[in-house]
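Source file: work-v4.cif (mmCIF, C-alpha atoms and all ligand atoms)
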data_entry
#
loop_
_atom_site.label_atom_id
_atom_site.label_comp_id
_atom_site.auth_asym_id
_atom_site.auth_seq_id
_atom_site.Cartn_x
_atom_site.Cartn_y
_atom_site.Cartn_z
CA MET A 1 124.61 96.11 109.43
CA SER A 2 121.84 94.87 107.15
CA ALA A 3 123.03 94.28 103.58
CA ASP A 4 119.77 95.57 102.07
CA ILE A 5 120.21 99.22 103.11
CA ALA A 6 120.00 101.18 99.87
CA GLU A 7 122.89 103.36 98.82
CA PRO A 8 121.93 107.04 99.21
CA GLU A 9 121.09 108.69 95.89
CA PRO A 10 124.04 110.85 94.77
CA GLN A 11 123.14 114.54 95.25
CA ARG A 12 122.66 116.29 91.92
CA PRO A 13 124.41 119.67 91.82
CA PRO A 14 121.92 122.54 91.63
CA GLU A 15 120.99 123.57 88.09
CA TRP A 16 120.23 127.06 86.82
CA PRO A 17 118.07 128.94 87.89
CA ALA A 18 118.32 127.38 91.39
CA THR A 19 121.73 129.08 91.56
CA LEU A 20 120.32 132.55 90.78
CA ASP A 21 121.07 135.13 93.49
CA VAL A 22 117.72 136.93 93.55
CA ASP A 23 118.77 139.26 96.41
CA ALA A 24 121.75 140.45 94.36
CA LEU A 25 119.47 141.08 91.38
CA VAL A 26 117.13 143.18 93.50
CA GLU A 27 120.07 145.08 95.03
CA GLY A 28 121.28 145.73 91.48
CA GLY A 29 117.95 147.41 90.64
CA TRP A 30 115.99 144.57 89.02
CA ARG A 31 112.32 144.51 89.96
CA PRO A 32 109.84 141.67 89.38
CA ARG A 33 106.74 142.21 87.29
CA PRO A 34 103.53 141.49 89.26
CA PHE A 35 101.37 138.54 88.28
CA GLN A 36 98.37 139.48 86.17
CA GLN A 37 97.24 136.02 85.06
CA PHE A 38 96.23 133.42 87.62
CA LEU A 39 95.68 129.92 86.28
CA LEU A 40 93.44 128.12 88.77
CA LYS A 41 93.50 124.32 88.57
CA VAL A 42 89.94 123.82 89.75
CA HIS A 43 89.68 120.12 88.79
CA SER A 44 92.65 117.77 88.56
CA ARG A 45 91.04 114.89 86.62
CA CYS A 46 89.82 114.63 83.03
CA ASN A 47 87.05 112.89 81.11
CA LEU A 48 89.42 112.34 78.17
CA ALA A 49 92.67 110.36 78.11
CA CYS A 50 94.70 112.17 75.42
CA ASP A 51 97.94 110.25 74.96
CA TYR A 52 100.19 113.36 74.96
CA CYS A 53 98.65 115.20 77.92
CA TYR A 54 101.34 116.89 80.01
CA VAL A 55 99.26 116.56 83.18
CA TYR A 56 99.01 112.76 83.20
CA THR A 57 101.55 111.27 80.77
CA MET A 58 104.75 113.16 81.54
CA ALA A 59 107.45 113.13 84.22
CA ASP A 60 105.54 115.00 86.93
CA GLN A 61 102.78 112.79 88.33
CA SER A 62 101.73 115.10 91.18
CA TRP A 63 98.08 114.92 90.05
CA ARG A 64 97.89 111.48 91.70
CA SER A 65 98.20 112.89 95.22
CA ARG A 66 96.13 116.04 94.72
CA PRO A 67 92.47 116.60 95.62
CA MET A 68 90.18 116.12 92.64
CA VAL A 69 88.53 119.52 93.07
CA MET A 70 89.92 122.68 94.64
CA PRO A 71 87.79 123.12 97.79
CA MET A 72 85.71 126.31 97.70
CA SER A 73 87.44 127.36 100.96
CA LEU A 74 90.77 127.39 99.03
CA VAL A 75 89.17 129.25 96.11
CA ALA A 76 88.21 131.92 98.66
CA VAL A 77 91.82 132.09 99.91
CA ALA A 78 93.11 132.31 96.32
CA ALA A 79 90.62 135.11 95.67
CA ARG A 80 91.88 137.09 98.68
CA ARG A 81 95.50 136.53 97.63
CA ILE A 82 94.75 137.73 94.09
CA ALA A 83 93.02 140.87 95.38
CA GLU A 84 95.86 141.51 97.86
CA HIS A 85 98.46 141.17 95.08
CA ALA A 86 96.57 143.34 92.62
CA ARG A 87 96.09 146.15 95.17
CA ALA A 88 99.68 145.98 96.38
CA HIS A 89 100.83 146.62 92.81
CA GLY A 90 98.11 149.06 91.79
CA LEU A 91 96.71 146.71 89.12
CA THR A 92 93.29 147.70 87.82
CA SER A 93 92.62 144.38 86.10
CA VAL A 94 93.69 140.74 86.37
CA ARG A 95 92.78 137.59 84.48
CA ILE A 96 91.81 134.23 85.95
CA ILE A 97 91.90 131.10 83.83
CA LEU A 98 89.90 128.10 85.06
CA HIS A 99 91.93 125.06 84.12
CA GLY A 100 92.42 121.37 84.86
CA GLY A 101 92.39 118.44 84.12
CA GLU A 102 89.00 119.32 82.76
CA PRO A 103 87.52 122.30 84.61
CA LEU A 104 83.94 121.61 83.45
CA LEU A 105 83.97 118.41 85.54
CA ALA A 106 83.70 120.72 88.56
CA GLY A 107 80.20 121.69 87.35
CA GLY A 108 78.68 124.97 86.22
CA ARG A 109 77.57 126.00 89.72
CA TYR A 110 81.06 125.52 91.14
CA LEU A 111 82.70 127.50 88.32
CA SER A 112 80.16 130.27 88.77
CA GLU A 113 80.86 130.41 92.53
CA ALA A 114 84.61 130.46 91.88
CA VAL A 115 84.47 133.37 89.42
CA ASN A 116 82.08 135.30 91.65
CA ALA A 117 84.30 134.70 94.70
CA VAL A 118 87.30 136.28 92.97
CA ARG A 119 85.27 139.16 91.55
CA ALA A 120 83.63 139.90 94.91
CA VAL A 121 86.93 140.47 96.74
CA CYS A 122 88.51 142.33 93.83
CA ALA A 123 85.61 144.75 93.31
CA PRO A 124 85.28 147.62 92.86
CA ASP A 125 88.83 148.69 92.00
CA VAL A 126 90.21 145.55 90.30
CA ARG A 127 88.40 144.19 87.24
CA VAL A 128 88.54 140.40 86.83
CA GLU A 129 88.46 138.95 83.32
CA ALA A 130 87.65 135.24 83.44
CA ALA A 131 88.33 132.46 80.95
CA VAL A 132 88.07 128.70 80.91
CA GLN A 133 90.19 126.25 78.90
CA THR A 134 88.23 123.08 78.17
CA ASN A 135 88.31 119.97 76.02
CA GLY A 136 84.78 120.98 75.04
CA VAL A 137 82.94 117.68 75.42
CA LEU A 138 80.74 118.92 78.31
CA LEU A 139 79.84 122.27 76.74
CA ASP A 140 76.11 122.52 76.17
CA GLU A 141 73.41 125.21 76.01
CA ASP A 142 72.95 125.36 79.80
CA VAL A 143 76.66 125.68 80.49
CA LEU A 144 77.08 128.33 77.80
CA ARG A 145 74.11 130.31 79.11
CA LEU A 146 75.72 130.29 82.54
CA PHE A 147 79.09 131.32 81.08
CA GLY A 148 77.28 134.15 79.30
CA GLU A 149 75.97 135.45 82.64
CA LEU A 150 79.55 135.29 83.98
CA ASP A 151 81.07 136.81 80.84
CA LEU A 152 83.47 133.85 80.82
CA ARG A 153 85.63 133.40 77.67
CA VAL A 154 85.85 129.80 76.43
CA GLY A 155 88.98 128.32 74.85
CA VAL A 156 88.60 124.82 73.37
CA SER A 157 91.26 122.24 72.49
CA LEU A 158 90.96 120.59 69.07
CA ASP A 159 93.76 119.15 66.91
CA GLY A 160 92.11 119.20 63.47
CA GLY A 161 89.63 117.02 61.60
CA ARG A 162 88.10 113.83 63.01
CA ARG A 163 90.86 111.43 61.93
CA ASP A 164 93.70 113.70 63.06
CA ASN A 165 92.12 114.88 66.32
CA ASP A 166 91.03 111.41 67.34
CA ARG A 167 94.50 109.92 66.93
CA HIS A 168 95.36 111.44 70.31
CA ARG A 169 92.31 113.10 71.83
CA ARG A 170 90.29 110.09 72.96
CA TYR A 171 88.14 108.90 75.84
CA ALA A 172 89.69 106.23 78.08
CA ASP A 173 87.66 103.57 76.21
CA GLY A 174 89.31 104.56 72.91
CA ARG A 175 86.43 106.55 71.37
CA GLY A 176 87.42 109.75 69.64
CA SER A 177 86.27 113.12 71.01
CA HIS A 178 85.99 115.06 67.73
CA ASP A 179 82.26 114.74 67.18
CA ALA A 180 81.37 115.87 70.71
CA VAL A 181 83.73 118.85 70.44
CA ALA A 182 82.44 119.78 66.99
CA GLY A 183 78.87 119.85 68.39
CA ALA A 184 79.99 122.10 71.23
CA LEU A 185 81.81 124.43 68.84
CA ARG A 186 78.72 124.79 66.69
CA LEU A 187 76.90 126.02 69.80
CA LEU A 188 79.75 128.38 70.65
CA MET A 189 79.71 129.76 67.08
CA SER A 190 75.98 130.53 67.24
CA PRO A 191 74.95 134.20 67.59
CA ALA A 192 73.73 133.61 71.16
CA HIS A 193 77.18 132.56 72.43
CA ARG A 194 79.68 133.81 69.86
CA ARG A 195 80.98 136.63 72.09
CA LEU A 196 82.23 134.01 74.58
CA TYR A 197 84.38 132.22 71.98
CA GLY A 198 88.00 132.60 73.08
CA GLY A 199 89.61 130.44 70.36
CA LEU A 200 91.03 127.01 69.59
CA LEU A 201 94.20 125.36 70.88
CA CYS A 202 95.84 122.79 68.62
CA THR A 203 98.85 120.66 69.55
CA ILE A 204 100.99 120.07 66.47
CA ASP A 205 101.27 116.49 65.19
CA LEU A 206 103.75 116.18 62.34
CA ASP A 207 101.72 113.27 60.96
CA ASN A 208 98.87 115.66 60.19
CA ASP A 209 98.83 117.77 57.06
CA PRO A 210 99.33 121.39 58.25
CA VAL A 211 97.09 123.17 55.73
CA GLU A 212 94.35 120.58 56.13
CA THR A 213 94.60 120.99 59.92
CA TYR A 214 94.38 124.78 59.62
CA GLU A 215 91.36 124.59 57.33
CA GLU A 216 89.58 122.04 59.54
CA LEU A 217 90.01 124.43 62.48
CA LEU A 218 89.01 127.42 60.37
CA ALA A 219 85.66 125.75 59.63
CA PHE A 220 84.77 126.43 63.29
CA GLU A 221 85.36 130.18 62.79
CA PRO A 222 87.71 130.65 65.75
CA PRO A 223 88.71 134.24 66.58
CA VAL A 224 92.22 132.91 67.23
CA ILE A 225 94.10 129.62 66.82
CA GLY A 226 96.96 128.74 69.15
CA PHE A 227 99.32 126.15 67.66
CA LEU A 228 101.30 124.47 70.43
CA LEU A 229 104.64 122.75 69.98
CA PRO A 230 104.52 119.38 71.80
CA HIS A 231 106.31 119.66 75.11
CA GLY A 232 109.82 118.22 75.27
CA THR A 233 113.32 119.02 76.51
CA TRP A 234 116.91 118.28 75.45
CA SER A 235 116.82 115.32 77.85
CA SER A 236 113.45 114.11 76.57
CA PRO A 237 113.04 115.48 73.03
CA PRO A 238 109.64 115.99 71.43
CA PRO A 239 108.49 113.63 68.64
CA GLY A 240 110.46 114.12 65.40
CA ARG A 241 112.98 116.60 66.88
CA THR A 242 116.35 114.92 66.39
CA ALA A 243 119.91 116.17 66.99
CA ASP A 244 120.25 116.87 63.25
CA ARG A 245 120.10 120.68 63.07
CA THR A 246 119.52 120.63 59.33
CA ARG A 247 116.10 119.05 59.87
CA THR A 248 113.35 121.49 60.86
CA PRO A 249 110.10 119.50 60.76
CA TYR A 250 108.14 121.87 63.01
CA ALA A 251 109.25 124.96 61.09
CA ASP A 252 108.36 123.24 57.80
CA TRP A 253 104.91 122.42 59.22
CA LEU A 254 104.24 125.92 60.54
CA ILE A 255 105.62 127.62 57.43
CA GLN A 256 102.94 125.93 55.33
CA ILE A 257 100.32 127.36 57.68
CA PHE A 258 101.99 130.79 57.67
CA ASP A 259 101.96 130.92 53.86
CA ARG A 260 98.31 129.81 53.76
CA TRP A 261 97.23 132.23 56.53
CA TYR A 262 99.32 135.27 55.60
CA GLY A 263 98.71 134.82 51.89
CA ALA A 264 94.90 134.68 52.21
CA PRO A 265 93.11 137.53 50.38
CA ARG A 266 91.47 138.55 53.68
CA GLN A 267 92.41 137.69 57.26
CA GLU A 268 90.37 134.61 58.12
CA THR A 269 91.48 134.31 61.72
CA ASP A 270 94.32 135.20 64.05
CA VAL A 271 97.15 132.66 64.48
CA ARG A 272 98.72 133.61 67.80
CA LEU A 273 102.28 132.28 67.39
CA LEU A 274 102.69 133.68 63.86
CA ARG A 275 101.17 137.04 64.74
CA GLU A 276 103.45 137.29 67.80
CA ILE A 277 106.49 136.68 65.60
CA ILE A 278 105.34 139.38 63.16
CA TYR A 279 104.83 141.86 66.01
CA LEU A 280 108.26 141.05 67.44
CA LEU A 281 109.89 141.49 64.03
CA LEU A 282 108.21 144.88 63.81
CA GLY A 283 109.76 145.87 67.15
CA ARG A 284 106.83 145.26 69.48
CA GLU A 285 106.66 143.11 72.64
CA SER A 286 105.17 139.63 72.69
CA ALA A 287 102.09 138.80 74.72
CA SER A 288 102.87 135.09 75.06
CA GLU A 289 105.72 133.13 76.58
CA ALA A 290 106.22 131.02 73.46
CA VAL A 291 108.46 133.63 71.82
CA GLY A 292 110.09 136.96 72.70
CA LEU A 293 111.60 138.29 75.89
CA THR A 294 108.54 139.77 77.61
CA PRO A 295 108.56 138.94 81.35
CA SER A 296 105.98 136.32 82.25
CA SER A 297 103.11 137.42 84.48
CA LEU A 298 101.42 134.03 84.87
CA VAL A 299 101.27 131.84 87.96
CA VAL A 300 99.46 128.56 88.66
CA VAL A 301 97.44 127.49 91.72
CA GLU A 302 96.87 123.73 92.08
CA THR A 303 93.78 122.06 93.60
CA ASP A 304 95.60 121.67 96.95
CA GLY A 305 96.51 125.37 97.04
CA GLY A 306 100.11 124.74 95.94
CA ILE A 307 101.53 127.63 93.94
CA GLU A 308 103.35 126.46 90.81
CA GLN A 309 105.38 128.12 88.08
CA LEU A 310 104.06 126.82 84.76
CA ASP A 311 102.29 123.51 84.26
CA ALA A 312 104.21 122.69 81.05
CA LEU A 313 107.20 122.14 83.38
CA LYS A 314 105.62 118.75 84.15
CA VAL A 315 107.57 117.52 81.12
CA VAL A 316 110.88 118.09 82.96
CA GLU A 317 110.72 115.91 86.08
CA GLN A 318 108.63 115.12 89.14
CA GLY A 319 108.12 118.33 91.12
CA ALA A 320 109.61 120.63 88.46
CA PRO A 321 106.69 123.11 88.43
CA ALA A 322 106.57 123.43 92.26
CA THR A 323 107.62 126.54 94.17
CA GLY A 324 107.28 124.94 97.62
CA MET A 325 104.76 127.67 98.48
CA ASN A 326 100.97 127.64 98.87
CA ILE A 327 98.21 130.22 98.95
CA VAL A 328 97.41 129.67 102.63
CA ASP A 329 100.89 130.47 103.95
CA HIS A 330 102.36 132.60 101.17
CA SER A 331 101.46 135.74 99.30
CA PHE A 332 101.95 135.95 95.53
CA ASP A 333 104.57 138.62 96.31
CA ALA A 334 106.68 135.95 98.06
CA VAL A 335 106.43 133.76 94.93
CA LEU A 336 107.75 136.61 92.76
CA ARG A 337 111.18 135.96 94.31
CA HIS A 338 111.26 132.25 93.45
CA PRO A 339 114.25 131.66 91.09
CA GLY A 340 112.06 129.80 88.55
CA ILE A 341 109.62 132.72 88.39
CA VAL A 342 112.48 135.24 88.27
CA ALA A 343 114.08 133.30 85.38
CA ARG A 344 110.89 133.74 83.31
CA GLN A 345 110.97 137.48 83.97
CA LEU A 346 114.64 138.20 83.28
CA GLY A 347 114.40 138.51 79.49
CA ARG A 348 117.79 138.47 77.76
CA ALA A 349 119.63 137.85 81.06
CA ALA A 350 117.98 134.42 81.24
CA LEU A 351 119.39 133.31 77.88
CA SER A 352 122.30 130.93 77.29
CA GLU A 353 125.50 132.23 75.67
CA THR A 354 124.42 130.68 72.38
CA CYS A 355 121.12 132.57 72.43
CA GLN A 356 122.75 135.80 73.63
CA SER A 357 124.83 135.82 70.46
CA CYS A 358 121.97 134.78 68.15
CA ASP A 359 120.76 137.47 65.72
CA LEU A 360 117.15 136.41 66.32
CA ALA A 361 117.30 136.33 70.13
CA ARG A 362 114.96 139.30 70.64
CA VAL A 363 112.26 137.63 68.56
CA CYS A 364 112.81 134.00 69.52
CA GLY A 365 113.65 134.51 73.19
CA ALA A 366 114.79 130.83 73.30
CA GLY A 367 111.17 129.74 72.98
CA LEU A 368 109.05 128.37 75.79
CA TYR A 369 110.98 128.06 79.07
CA PRO A 370 110.46 124.28 79.70
CA HIS A 371 111.76 123.48 76.20
CA ARG A 372 115.24 124.78 77.20
CA TYR A 373 115.81 122.18 79.91
CA ARG A 374 118.79 119.84 79.80
CA GLU A 375 119.78 117.65 82.74
CA GLY A 376 122.97 119.08 84.22
CA SER A 377 122.69 122.66 82.95
CA GLY A 378 119.02 123.29 83.75
CA TYR A 379 117.31 125.99 81.69
CA LEU A 380 120.38 127.90 80.49
CA ASN A 381 120.21 126.43 76.99
CA PRO A 382 118.71 127.25 73.62
CA SER A 383 115.31 125.75 72.98
CA VAL A 384 115.20 122.10 71.96
CA TYR A 385 113.26 123.62 69.01
CA CYS A 386 116.15 126.02 68.18
CA PRO A 387 116.58 125.01 64.49
CA ASP A 388 112.80 125.14 63.94
CA LEU A 389 112.37 128.50 65.64
CA TYR A 390 115.29 129.98 63.71
CA ARG A 391 114.00 128.80 60.37
CA LEU A 392 110.39 129.82 61.03
CA ILE A 393 111.35 133.33 62.14
CA GLN A 394 113.72 133.71 59.21
CA HIS A 395 110.96 132.70 56.79
CA ILE A 396 108.49 135.19 58.28
CA ARG A 397 111.13 137.94 58.30
CA THR A 398 111.96 137.37 54.62
CA ARG A 399 108.27 137.46 53.70
CA LEU A 400 107.71 140.71 55.65
CA GLN A 401 110.81 142.30 54.12
CA LEU A 402 109.58 141.45 50.62
CA ASP A 403 106.18 142.93 51.40
CA LEU A 404 107.66 146.13 52.80
CA GLN A 405 109.95 146.41 49.78
CA ARG A 406 107.02 145.97 47.40
CA ARG A 407 105.03 148.57 49.31
CA ARG A 408 107.94 151.06 49.16
CA GLN A 409 108.11 150.51 45.40
CA GLY A 410 104.46 151.47 45.20
S1 LIG B 1 116.94 130.57 67.46
FE1 LIG B 1 118.05 129.18 68.82
S2 LIG B 1 119.94 130.26 69.37
FE2 LIG B 1 118.50 131.78 68.53
S3 LIG B 1 117.44 132.58 70.34
FE3 LIG B 1 116.21 130.90 69.51
S4 LIG B 1 116.81 129.09 70.66
FE4 LIG B 1 118.41 130.66 70.95
#
Represent the structure contained in this file as structure tokens.
Amino acid sequence: MSADIAEPEPQRPPEWPATLDVDALVEGGWRPRPFQQFLLKVHSRCNLACDYCYVYTMADQSWRSRPMVMPMSLVAVAARRIAEHARAHGLTSVRIILHGGEPLLAGGRYLSEAVNAVRAVCAPDVRVEAAVQTNGVLLDEDVLRLFGELDLRVGVSLDGGRRDNDRHRRYADGRGSHDAVAGALRLLMSPAHRRLYGGLLCTIDLDNDPVETYEELLAFEPPVIGFLLPHGTWSSPPPGRTADRTRTPYADWLIQIFDRWYGAPRQETDVRLLREIIYLLLGRESASEAVGLTPSSLVVVETDGGIEQLDALKVVEQGAPATGMNIVDHSFDAVLRHPGIVARQLGRAALSETCQSCDLARVCGAGLYPHRYREGSGYLNPSVYCPDLYRLIQHIRTRLQLDLQRRRQG
């Protein structure tokens, strides 16, 4: 025998939710919620090289083996699958989100064809709302005019002022992207295009001053700001999140924004995460997966037609977002029974024992699903952001209680 034969890798025992018995759940009366949001990865490369990007810099490197652009023939298959799914579940509207990489690299004509392809097969009974999430550097008058014809909502990523944004959001040659994005946002803010403005997405950097960041973003008059916690897990914690539960750097950061936003004499914009927490505290459901127990209705289609769970799972390990299914051979109904999809629809039943006994579980919901991962136990854990989420929610609850008390006292 040759001495250089490698030892076989020891088999890792399956982690939750791979061990979920979906058939038993269905027999017990549980029913999946149909997908209503389809995130289409139309272009897998980017014209920026942001150093924290979950597509290129994290554990899953599947972008390397994927086609650069989703062929239009696959877009047509995706369109038919979306229409089939919507009709099977009696949905009267669905949402497609053109995503990447950087979707604008696919070109305006391609994006227009893609949106029209989905709308054509869904009409007349299923309405298709369309949105694009872009880094903004390729947005110009021509593109915006085209998006206007398509009624395509535009979300733009920006992390604050020039110095703060350009610490991470750079071109491959090191130049910052802020000035190009600011120019694009000024076009988007103009009366001709304003109705297309979907909002800003900002990834939190603890090195940036929170109120300054908020006010820099506010200067671009966004209808909504989405603050994103950097992706991380218990096995690969996000920057600044240590094992010391008494430290809550992300809560401290967001609380400063909450106080500035909530305390403003008039509402200057919507801050999605904070508004969601307020709604949940008032007994409503959440509309995002970042907090709350609302079943997820989002699914991802990659440029090769692969159907994936959630692209933030790229932080976990190679292949973590995959379902092993694709739009050519599988319907979206088949994907609804994948344990990873089921886990994001199970609400309280998908929470760890710690979260089940937490007084804020209904509001927190253990945070975003990928942030619960720990090697060995899978996703049956509190969020790696648990101390931050607890403190942030507590702060907002106290502030709301005080307000309600004041109102009751006249
Ligand atoms: S605050 Fe922590 S323990 Fe409570 S639900 Fe959230 S992650 Fe779970």
Any chance you could tabulate, as CSV, the residues of chain A at most 12 Å from ligand LIG 1 (chain B) with each one's nearest atom pair and distance in Å to one decimal, using only C-alpha atoms and all ligand atoms, in chain and rising number order?
residue,atom,partner,partner_atom,distance
A:Trp234,CA,B:LIG1,S4,11.8
A:Arg245,CA,B:LIG1,FE1,10.5
A:Thr248,CA,B:LIG1,S1,11.8
A:Ala251,CA,B:LIG1,S1,11.5
A:Ile277,CA,B:LIG1,FE3,12.0
A:Ala290,CA,B:LIG1,FE3,10.7
A:Val291,CA,B:LIG1,FE3,8.5
A:Gly292,CA,B:LIG1,S3,8.9
A:Leu293,CA,B:LIG1,S3,9.9
A:Gly347,CA,B:LIG1,S3,11.3
A:Arg348,CA,B:LIG1,S3,9.5
A:Ala350,CA,B:LIG1,FE4,11.0
A:Leu351,CA,B:LIG1,FE4,7.5
A:Ser352,CA,B:LIG1,FE4,7.4
A:Glu353,CA,B:LIG1,S2,8.6
A:Thr354,CA,B:LIG1,S2,5.4
A:Cys355,CA,B:LIG1,FE4,3.6
A:Gln356,CA,B:LIG1,S3,7.0
A:Ser357,CA,B:LIG1,S2,7.5
A:Cys358,CA,B:LIG1,FE2,4.6
A:Asp359,CA,B:LIG1,FE2,6.7
A:Leu360,CA,B:LIG1,FE2,5.3
A:Ala361,CA,B:LIG1,S3,3.8
A:Arg362,CA,B:LIG1,S3,7.2
A:Val363,CA,B:LIG1,S3,7.5
A:Cys364,CA,B:LIG1,FE3,4.6
A:Gly365,CA,B:LIG1,S3,5.1
A:Ala366,CA,B:LIG1,S4,3.8
A:Gly367,CA,B:LIG1,S4,6.1
A:Leu368,CA,B:LIG1,S4,9.3
A:Tyr369,CA,B:LIG1,S4,10.3
A:His371,CA,B:LIG1,S4,9.4
A:Arg372,CA,B:LIG1,S4,8.0
A:Tyr373,CA,B:LIG1,S4,11.6
A:Tyr379,CA,B:LIG1,S4,11.5
A:Leu380,CA,B:LIG1,FE4,10.1
A:Asn381,CA,B:LIG1,FE4,7.6
A:Pro382,CA,B:LIG1,S4,4.0
A:Ser383,CA,B:LIG1,S4,4.3
A:Val384,CA,B:LIG1,S4,7.3
A:Tyr385,CA,B:LIG1,S4,6.7
A:Cys386,CA,B:LIG1,FE1,3.7
A:Pro387,CA,B:LIG1,FE1,6.2
A:Asp388,CA,B:LIG1,S1,7.7
A:Leu389,CA,B:LIG1,S1,5.3
A:Tyr390,CA,B:LIG1,S1,4.1
A:Arg391,CA,B:LIG1,S1,7.9
A:Leu392,CA,B:LIG1,S1,9.2
A:Ile393,CA,B:LIG1,S1,8.2
A:Gln394,CA,B:LIG1,S1,9.4
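Take the candidates A:Val154, A:Leu48, A:Met58, A:Ala343 and check each one against A:Leu201 using only C-alpha atoms; the shortest distance goes to A:Val154.
One finds atom CA of A:Phe38 at 22.0 Å from atom CA of A:Arg195.
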Could you give me, as an mmCIF file with C-alpha atoms, in the frame of the given file, the residues within 12 Å of A:Met189, counting all atoms listed in the file and dropping anything in the same chain fewer than 2 positions from it?
data_model
loop_
_atom_site.group_PDB
_atom_site.id
_atom_site.type_symbol
_atom_site.label_atom_id
_atom_site.label_comp_id
_atom_site.auth_asym_id
_atom_site.auth_seq_id
_atom_site.Cartn_x
_atom_site.Cartn_y
_atom_site.Cartn_z
ATOM 1 C CA GLU A 141 73.410 125.210 76.010
ATOM 2 C CA LEU A 144 77.080 128.330 77.800
ATOM 3 C CA VAL A 154 85.850 129.800 76.430
ATOM 4 C CA VAL A 156 88.600 124.820 73.370
ATOM 5 C CA ALA A 182 82.440 119.780 66.990
ATOM 6 C CA GLY A 183 78.870 119.850 68.390
ATOM 7 C CA ALA A 184 79.990 122.100 71.230
ATOM 8 C CA LEU A 185 81.810 124.430 68.840
ATOM 9 C CA ARG A 186 78.720 124.790 66.690
ATOM 10 C CA LEU A 187 76.900 126.020 69.800
ATOM 11 C CA PRO A 191 74.950 134.200 67.590
ATOM 12 C CA ALA A 192 73.730 133.610 71.160
ATOM 13 C CA HIS A 193 77.180 132.560 72.430
ATOM 14 C CA ARG A 194 79.680 133.810 69.860
ATOM 15 C CA ARG A 195 80.980 136.630 72.090
ATOM 16 C CA LEU A 196 82.230 134.010 74.580
ATOM 17 C CA TYR A 197 84.380 132.220 71.980
ATOM 18 C CA GLY A 198 88.000 132.600 73.080
ATOM 19 C CA GLY A 199 89.610 130.440 70.360
ATOM 20 C CA LEU A 200 91.030 127.010 69.590
ATOM 21 C CA LEU A 218 89.010 127.420 60.370
ATOM 22 C CA ALA A 219 85.660 125.750 59.630
ATOM 23 C CA PHE A 220 84.770 126.430 63.290
ATOM 24 C CA GLU A 221 85.360 130.180 62.790
ATOM 25 C CA PRO A 222 87.710 130.650 65.750
ATOM 26 C CA PRO A 223 88.710 134.240 66.580
#
Do you have the atom CA of A:Leu104-atom CA of A:Arg169 distance handy? 16.7 Å
Close residues, A:Ala287 itself excluded, 10 Å, only C-alpha atoms, min 4 positions apart in chain, as a ChimeraX atom specification: /A:272-273,276,279-280,291-297
What does the distance between atom CA of A:Ala106 and atom CA of A:Val143 come to in Å, to one decimal place? 11.8 Å
Might you pull out every residue within 9 Å of A:His43, with all atoms listed in the file counted and same-chain residues fewer than 3 positions away left off, and present them as a PDB file with C-alpha atoms, in the coordinates of the input?
ATOM      1  CA  LEU A  40      93.440 128.120  88.770  1.00  0.00           C
ATOM      2  CA  CYS A  46      89.820 114.630  83.030  1.00  0.00           C
ATOM      3  CA  PRO A  67      92.470 116.600  95.620  1.00  0.00           C
ATOM      4  CA  MET A  68      90.180 116.120  92.640  1.00  0.00           C
ATOM      5  CA  VAL A  69      88.530 119.520  93.070  1.00  0.00           C
ATOM      6  CA  MET A  70      89.920 122.680  94.640  1.00  0.00           C
ATOM      7  CA  LEU A  98      89.900 128.100  85.060  1.00  0.00           C
ATOM      8  CA  HIS A  99      91.930 125.060  84.120  1.00  0.00           C
ATOM      9  CA  GLY A 100      92.420 121.370  84.860  1.00  0.00           C
ATOM     10  CA  GLY A 101      92.390 118.440  84.120  1.00  0.00           C
ATOM     11  CA  GLU A 102      89.000 119.320  82.760  1.00  0.00           C
ATOM     12  CA  PRO A 103      87.520 122.300  84.610  1.00  0.00           C
ATOM     13  CA  LEU A 104      83.940 121.610  83.450  1.00  0.00           C
ATOM     14  CA  LEU A 105      83.970 118.410  85.540  1.00  0.00           C
ATOM     15  CA  ALA A 106      83.700 120.720  88.560  1.00  0.00           C
ATOM     16  CA  GLU A 302      96.870 123.730  92.080  1.00  0.00           C
ATOM     17  CA  THR A 303      93.780 122.060  93.600  1.00  0.00           C
TER      18      THR A 303
END
Could you rebuild stretch 53-59 of chain A with N, CA and C atoms and give it back as a PDB file, in the frame of the given file?
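Output below, filename part_3.pdb:
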ATOM      1  N   CYS A  53      98.972 114.173  76.912  1.00  0.00           N
ATOM      2  CA  CYS A  53      98.650 115.200  77.920  1.00  0.00           C
ATOM      3  C   CYS A  53      99.788 115.391  78.915  1.00  0.00           C
ATOM      4  N   TYR A  54     100.208 116.654  79.095  1.00  0.00           N
ATOM      5  CA  TYR A  54     101.340 116.890  80.010  1.00  0.00           C
ATOM      6  C   TYR A  54     100.967 116.701  81.468  1.00  0.00           C
ATOM      7  N   VAL A  55      99.665 116.724  81.773  1.00  0.00           N
ATOM      8  CA  VAL A  55      99.260 116.560  83.180  1.00  0.00           C
ATOM      9  C   VAL A  55      99.441 115.114  83.640  1.00  0.00           C
ATOM     10  N   TYR A  56      99.070 114.161  82.755  1.00  0.00           N
ATOM     11  CA  TYR A  56      99.010 112.760  83.200  1.00  0.00           C
ATOM     12  C   TYR A  56     100.094 111.859  82.615  1.00  0.00           C
ATOM     13  N   THR A  57     100.675 112.235  81.457  1.00  0.00           N
ATOM     14  CA  THR A  57     101.550 111.270  80.770  1.00  0.00           C
ATOM     15  C   THR A  57     103.024 111.653  80.827  1.00  0.00           C
ATOM     16  N   MET A  58     103.344 112.725  81.547  1.00  0.00           N
ATOM     17  CA  MET A  58     104.750 113.160  81.540  1.00  0.00           C
ATOM     18  C   MET A  58     105.394 112.955  82.908  1.00  0.00           C
ATOM     19  N   ALA A  59     106.617 113.493  83.068  1.00  0.00           N
ATOM     20  CA  ALA A  59     107.450 113.130  84.220  1.00  0.00           C
ATOM     21  C   ALA A  59     106.798 113.458  85.567  1.00  0.00           C
TER      22      ALA A  59
END
